[in-house]
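Q: Sharing a structure with you now.
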Amino acid sequence: MRPAADDNLNQPRAVLRLQPVKPDLTFHGLRHSHKTWMIADTIPEIAPSLRLGHILKDPVQRTYSHVAPEVTSRLLQCLQDRWDKAVVDVGDSTWRRMA
């Protein structure tokens with residue numbers, strides 16, 4: 001994901017040269033967007049925390065909270081729905097041909 005977000009045009013050993021998918025997009029910005037989308041999709045807090053590699057401060061939550069399979073399925077479906085809508089909104093898929 002990082003080359004698609006940050007580009008790798010200045011890396012001498014890059015096998016495939018990639019421009020950023022969107023100007024000013026960064027890998028860190030994608031993390032913020034991902035978290036925001038999970039909040040908007042009402043995904044339980046444990047799932048975003050684990051996906052983003054956050055350490056839960058509350059020992060009770062750390063011990064007893066788990067991501068149920070149906071939460072993972074819903075999270076992935078919500079992300080798929082966002083992707084499908086983004087692809088339709090782009091229309092001509094010019095960005096795909098750039099890679």
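Labels used: A, B, ... for chains in the order of the structure tokens, numbers from 1 for residues in each chain, and numbers from 1 for ligands as shown.
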Find the residues near Leu18 (chain A): any atom within 10 Å, counting only C-alpha atoms, skip ones fewer than 5 places away on the same chain, and give them as a PDB file with all heavy atoms, in the first residue's frame.
A:
```pdb
ATOM      1  N   PRO A   3       3.727   2.267  -1.490  1.00  0.00           N
ATOM      2  CA  PRO A   3       4.091   2.893  -2.764  1.00  0.00           C
ATOM      3  C   PRO A   3       2.896   3.517  -3.481  1.00  0.00           C
ATOM      4  O   PRO A   3       3.033   4.568  -4.110  1.00  0.00           O
ATOM      5  CB  PRO A   3       4.681   1.744  -3.582  1.00  0.00           C
ATOM      6  CG  PRO A   3       5.165   0.770  -2.571  1.00  0.00           C
ATOM      7  CD  PRO A   3       4.175   0.872  -1.427  1.00  0.00           C
ATOM      8  N   ALA A   4       1.737   2.910  -3.388  1.00  0.00           N
ATOM      9  CA  ALA A   4       0.558   3.466  -4.050  1.00  0.00           C
ATOM     10  C   ALA A   4       0.131   4.778  -3.401  1.00  0.00           C
ATOM     11  O   ALA A   4      -0.383   5.672  -4.063  1.00  0.00           O
ATOM     12  CB  ALA A   4      -0.595   2.473  -4.005  1.00  0.00           C
ATOM     13  N   ALA A   5       0.360   4.896  -2.104  1.00  0.00           N
ATOM     14  CA  ALA A   5      -0.016   6.123  -1.405  1.00  0.00           C
ATOM     15  C   ALA A   5       1.083   7.174  -1.503  1.00  0.00           C
ATOM     16  O   ALA A   5       0.840   8.311  -1.891  1.00  0.00           O
ATOM     17  CB  ALA A   5      -0.301   5.817   0.060  1.00  0.00           C
ATOM     18  N   ASP A   6       2.296   6.798  -1.150  1.00  0.00           N
ATOM     19  CA  ASP A   6       3.391   7.766  -1.053  1.00  0.00           C
ATOM     20  C   ASP A   6       4.225   7.879  -2.329  1.00  0.00           C
ATOM     21  O   ASP A   6       5.046   8.763  -2.439  1.00  0.00           O
ATOM     22  CB  ASP A   6       4.331   7.375   0.089  1.00  0.00           C
ATOM     23  CG  ASP A   6       3.646   7.380   1.443  1.00  0.00           C
ATOM     24  OD1 ASP A   6       2.633   8.073   1.603  1.00  0.00           O
ATOM     25  OD2 ASP A   6       4.134   6.688   2.345  1.00  0.00           O
ATOM     26  N   ASP A   7       4.088   6.980  -3.233  1.00  0.00           N
ATOM     27  CA  ASP A   7       4.848   6.779  -4.460  1.00  0.00           C
ATOM     28  C   ASP A   7       6.233   6.209  -4.147  1.00  0.00           C
ATOM     29  O   ASP A   7       6.657   6.166  -2.999  1.00  0.00           O
ATOM     30  CB  ASP A   7       4.929   8.031  -5.347  1.00  0.00           C
ATOM     31  CG  ASP A   7       6.019   9.029  -5.007  1.00  0.00           C
ATOM     32  OD1 ASP A   7       7.170   8.633  -4.749  1.00  0.00           O
ATOM     33  OD2 ASP A   7       5.716  10.241  -5.022  1.00  0.00           O
ATOM     34  N   ASN A   8       6.901   5.722  -5.152  1.00  0.00           N
ATOM     35  CA  ASN A   8       8.254   5.196  -4.974  1.00  0.00           C
ATOM     36  C   ASN A   8       9.161   5.656  -6.124  1.00  0.00           C
ATOM     37  O   ASN A   8      10.118   4.985  -6.474  1.00  0.00           O
ATOM     38  CB  ASN A   8       8.243   3.666  -4.850  1.00  0.00           C
ATOM     39  CG  ASN A   8       7.794   2.977  -6.118  1.00  0.00           C
ATOM     40  OD1 ASN A   8       7.412   3.618  -7.083  1.00  0.00           O
ATOM     41  ND2 ASN A   8       7.828   1.663  -6.109  1.00  0.00           N
ATOM     42  N   LEU A   9       8.840   6.798  -6.690  1.00  0.00           N
ATOM     43  CA  LEU A   9       9.576   7.290  -7.849  1.00  0.00           C
ATOM     44  C   LEU A   9      11.036   7.606  -7.529  1.00  0.00           C
ATOM     45  O   LEU A   9      11.890   7.574  -8.415  1.00  0.00           O
ATOM     46  CB  LEU A   9       8.881   8.526  -8.428  1.00  0.00           C
ATOM     47  CG  LEU A   9       7.445   8.290  -8.899  1.00  0.00           C
ATOM     48  CD1 LEU A   9       6.802   9.597  -9.322  1.00  0.00           C
ATOM     49  CD2 LEU A   9       7.405   7.272 -10.018  1.00  0.00           C
ATOM     50  N   ASN A  10      11.339   7.899  -6.278  1.00  0.00           N
ATOM     51  CA  ASN A  10      12.706   8.241  -5.888  1.00  0.00           C
ATOM     52  C   ASN A  10      13.494   7.055  -5.348  1.00  0.00           C
ATOM     53  O   ASN A  10      14.622   7.223  -4.902  1.00  0.00           O
ATOM     54  CB  ASN A  10      12.691   9.364  -4.848  1.00  0.00           C
ATOM     55  CG  ASN A  10      12.117  10.641  -5.419  1.00  0.00           C
ATOM     56  OD1 ASN A  10      12.333  10.946  -6.596  1.00  0.00           O
ATOM     57  ND2 ASN A  10      11.381  11.372  -4.621  1.00  0.00           N
ATOM     58  N   MET A  98      -2.321   3.360 -14.988  1.00  0.00           N
ATOM     59  CA  MET A  98      -1.063   4.021 -14.643  1.00  0.00           C
ATOM     60  C   MET A  98      -0.084   3.064 -13.985  1.00  0.00           C
ATOM     61  O   MET A  98       1.117   3.239 -14.083  1.00  0.00           O
ATOM     62  CB  MET A  98      -1.322   5.210 -13.723  1.00  0.00           C
ATOM     63  CG  MET A  98      -2.089   6.341 -14.391  1.00  0.00           C
ATOM     64  SD  MET A  98      -2.570   7.616 -13.246  1.00  0.00           S
ATOM     65  CE  MET A  98      -0.982   8.260 -12.780  1.00  0.00           C
ATOM     66  N   ALA A  99      -0.569   2.053 -13.310  1.00  0.00           N
ATOM     67  CA  ALA A  99       0.294   1.152 -12.534  1.00  0.00           C
ATOM     68  C   ALA A  99       1.029   0.167 -13.409  1.00  0.00           C
ATOM     69  O   ALA A  99       0.815  -0.103 -14.490  1.00  0.00           O
ATOM     70  CB  ALA A  99      -0.530   0.400 -11.510  1.00  0.00           C
TER      71      ALA A  99
END
```
Q: Write out as a list in words the residues lying within 12 Å of region 82-85 of chain A, counting only C-alpha atoms and excluding same-chain residues fewer than 2 positions away.
A: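 Answer for this query is Ser33, His34, Trp37, Met38, Ala40, Asp41, Leu75, Leu76, Gln77, Cys78, Leu79, Gln80, Val87, Val88, Asp89, Val90 and Gly91 of chain A.
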Q: Give me the residues near region 45-62 of chain A as a ChimeraX atom specification, where near means some atom within 8 Å (using only C-alpha atoms) and where sequence neighbours in that chain fewer than 3 positions away do not count.
A: /A:31,35,38,65-67,71-72
Q: Keeping all heavy atoms, export the residues of the selection given above as a PDB file, in the first residue's frame.
A:
```pdb
ATOM      1  N   ARG A  31      -4.550   5.256   6.965  1.00  0.00           N
ATOM      2  CA  ARG A  31      -4.894   4.691   8.279  1.00  0.00           C
ATOM      3  C   ARG A  31      -6.029   5.488   8.917  1.00  0.00           C
ATOM      4  O   ARG A  31      -6.964   4.921   9.485  1.00  0.00           O
ATOM      5  CB  ARG A  31      -3.676   4.664   9.203  1.00  0.00           C
ATOM      6  CG  ARG A  31      -2.655   3.617   8.838  1.00  0.00           C
ATOM      7  CD  ARG A  31      -1.423   3.691   9.738  1.00  0.00           C
ATOM      8  NE  ARG A  31      -1.708   3.572  11.152  1.00  0.00           N
ATOM      9  CZ  ARG A  31      -1.845   2.423  11.815  1.00  0.00           C
ATOM     10  NH1 ARG A  31      -1.720   1.270  11.167  1.00  0.00           N
ATOM     11  NH2 ARG A  31      -2.084   2.408  13.103  1.00  0.00           N
ATOM     12  N   LYS A  35      -9.828   4.041   9.758  1.00  0.00           N
ATOM     13  CA  LYS A  35     -10.439   4.139  11.088  1.00  0.00           C
ATOM     14  C   LYS A  35     -11.773   4.887  11.004  1.00  0.00           C
ATOM     15  O   LYS A  35     -12.777   4.469  11.588  1.00  0.00           O
ATOM     16  CB  LYS A  35      -9.470   4.849  12.037  1.00  0.00           C
ATOM     17  CG  LYS A  35     -10.030   5.196  13.390  1.00  0.00           C
ATOM     18  CD  LYS A  35     -10.253   3.985  14.241  1.00  0.00           C
ATOM     19  CE  LYS A  35     -10.642   4.452  15.659  1.00  0.00           C
ATOM     20  NZ  LYS A  35     -10.908   3.361  16.536  1.00  0.00           N
ATOM     21  N   MET A  38     -14.486   2.702   9.559  1.00  0.00           N
ATOM     22  CA  MET A  38     -14.964   1.689  10.501  1.00  0.00           C
ATOM     23  C   MET A  38     -15.877   2.307  11.550  1.00  0.00           C
ATOM     24  O   MET A  38     -16.859   1.687  11.961  1.00  0.00           O
ATOM     25  CB  MET A  38     -13.787   0.943  11.129  1.00  0.00           C
ATOM     26  CG  MET A  38     -13.102   0.014  10.143  1.00  0.00           C
ATOM     27  SD  MET A  38     -11.814  -1.016  10.872  1.00  0.00           S
ATOM     28  CE  MET A  38     -10.466   0.151  11.016  1.00  0.00           C
ATOM     29  N   SER A  65     -12.157  -9.053  25.214  1.00  0.00           N
ATOM     30  CA  SER A  65     -12.701  -8.617  23.932  1.00  0.00           C
ATOM     31  C   SER A  65     -12.073  -9.400  22.795  1.00  0.00           C
ATOM     32  O   SER A  65     -10.852  -9.547  22.725  1.00  0.00           O
ATOM     33  CB  SER A  65     -12.438  -7.120  23.720  1.00  0.00           C
ATOM     34  OG  SER A  65     -13.139  -6.365  24.665  1.00  0.00           O
ATOM     35  N   HIS A  66     -12.914  -9.873  21.918  1.00  0.00           N
ATOM     36  CA  HIS A  66     -12.472 -10.611  20.736  1.00  0.00           C
ATOM     37  C   HIS A  66     -13.331 -10.172  19.555  1.00  0.00           C
ATOM     38  O   HIS A  66     -14.428  -9.668  19.737  1.00  0.00           O
ATOM     39  CB  HIS A  66     -12.614 -12.121  20.945  1.00  0.00           C
ATOM     40  CG  HIS A  66     -11.900 -12.609  22.162  1.00  0.00           C
ATOM     41  ND1 HIS A  66     -10.540 -12.775  22.211  1.00  0.00           N
ATOM     42  CD2 HIS A  66     -12.368 -12.926  23.388  1.00  0.00           C
ATOM     43  CE1 HIS A  66     -10.196 -13.197  23.410  1.00  0.00           C
ATOM     44  NE2 HIS A  66     -11.285 -13.303  24.155  1.00  0.00           N
ATOM     45  N   VAL A  67     -12.816 -10.361  18.374  1.00  0.00           N
ATOM     46  CA  VAL A  67     -13.564 -10.007  17.177  1.00  0.00           C
ATOM     47  C   VAL A  67     -14.280 -11.255  16.679  1.00  0.00           C
ATOM     48  O   VAL A  67     -13.642 -12.225  16.263  1.00  0.00           O
ATOM     49  CB  VAL A  67     -12.634  -9.439  16.083  1.00  0.00           C
ATOM     50  CG1 VAL A  67     -13.437  -9.066  14.853  1.00  0.00           C
ATOM     51  CG2 VAL A  67     -11.869  -8.231  16.611  1.00  0.00           C
ATOM     52  N   VAL A  71     -18.418 -10.083  12.853  1.00  0.00           N
ATOM     53  CA  VAL A  71     -17.927  -8.700  12.822  1.00  0.00           C
ATOM     54  C   VAL A  71     -16.890  -8.552  11.713  1.00  0.00           C
ATOM     55  O   VAL A  71     -16.921  -7.583  10.946  1.00  0.00           O
ATOM     56  CB  VAL A  71     -17.337  -8.285  14.191  1.00  0.00           C
ATOM     57  CG1 VAL A  71     -16.638  -6.938  14.099  1.00  0.00           C
ATOM     58  CG2 VAL A  71     -18.431  -8.258  15.251  1.00  0.00           C
ATOM     59  N   THR A  72     -16.004  -9.529  11.612  1.00  0.00           N
ATOM     60  CA  THR A  72     -15.007  -9.498  10.534  1.00  0.00           C
ATOM     61  C   THR A  72     -15.687  -9.529   9.171  1.00  0.00           C
ATOM     62  O   THR A  72     -15.325  -8.762   8.273  1.00  0.00           O
ATOM     63  CB  THR A  72     -14.033 -10.686  10.671  1.00  0.00           C
ATOM     64  OG1 THR A  72     -13.369 -10.587  11.926  1.00  0.00           O
ATOM     65  CG2 THR A  72     -13.015 -10.694   9.550  1.00  0.00           C
TER      66      THR A  72
END
```
Q: Provide the CA of Val21 (chain A) to CA of Arg74 (chain A) distance in Å, to one decimal place.
A: 26.3 Å
Q: From a DSSP calculation on the backbone, collect every residue of region 5-81 of chain A in helix (DSSP H, G or I) and output the set as a PyMOL selection string.
A: chain A and resi 5-6+27-40+46-51+59-64+69-81
Q: Using Å and a single decimal, report how far CA of Asp24 (chain A) sits from CA of Ala86 (chain A).
A: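 Answer for the CA of Ala86 (chain A) to CA of Asp24 (chain A) separation: 17.9 Å.
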Q: Record the distance separating CA of Arg17 (chain A) and CA of Arg2 (chain A), expressed in Å with one decimal.
A: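 Atom-to-atom, CA of Arg17 (chain A) to CA of Arg2 (chain A), that is 12.3 Å.
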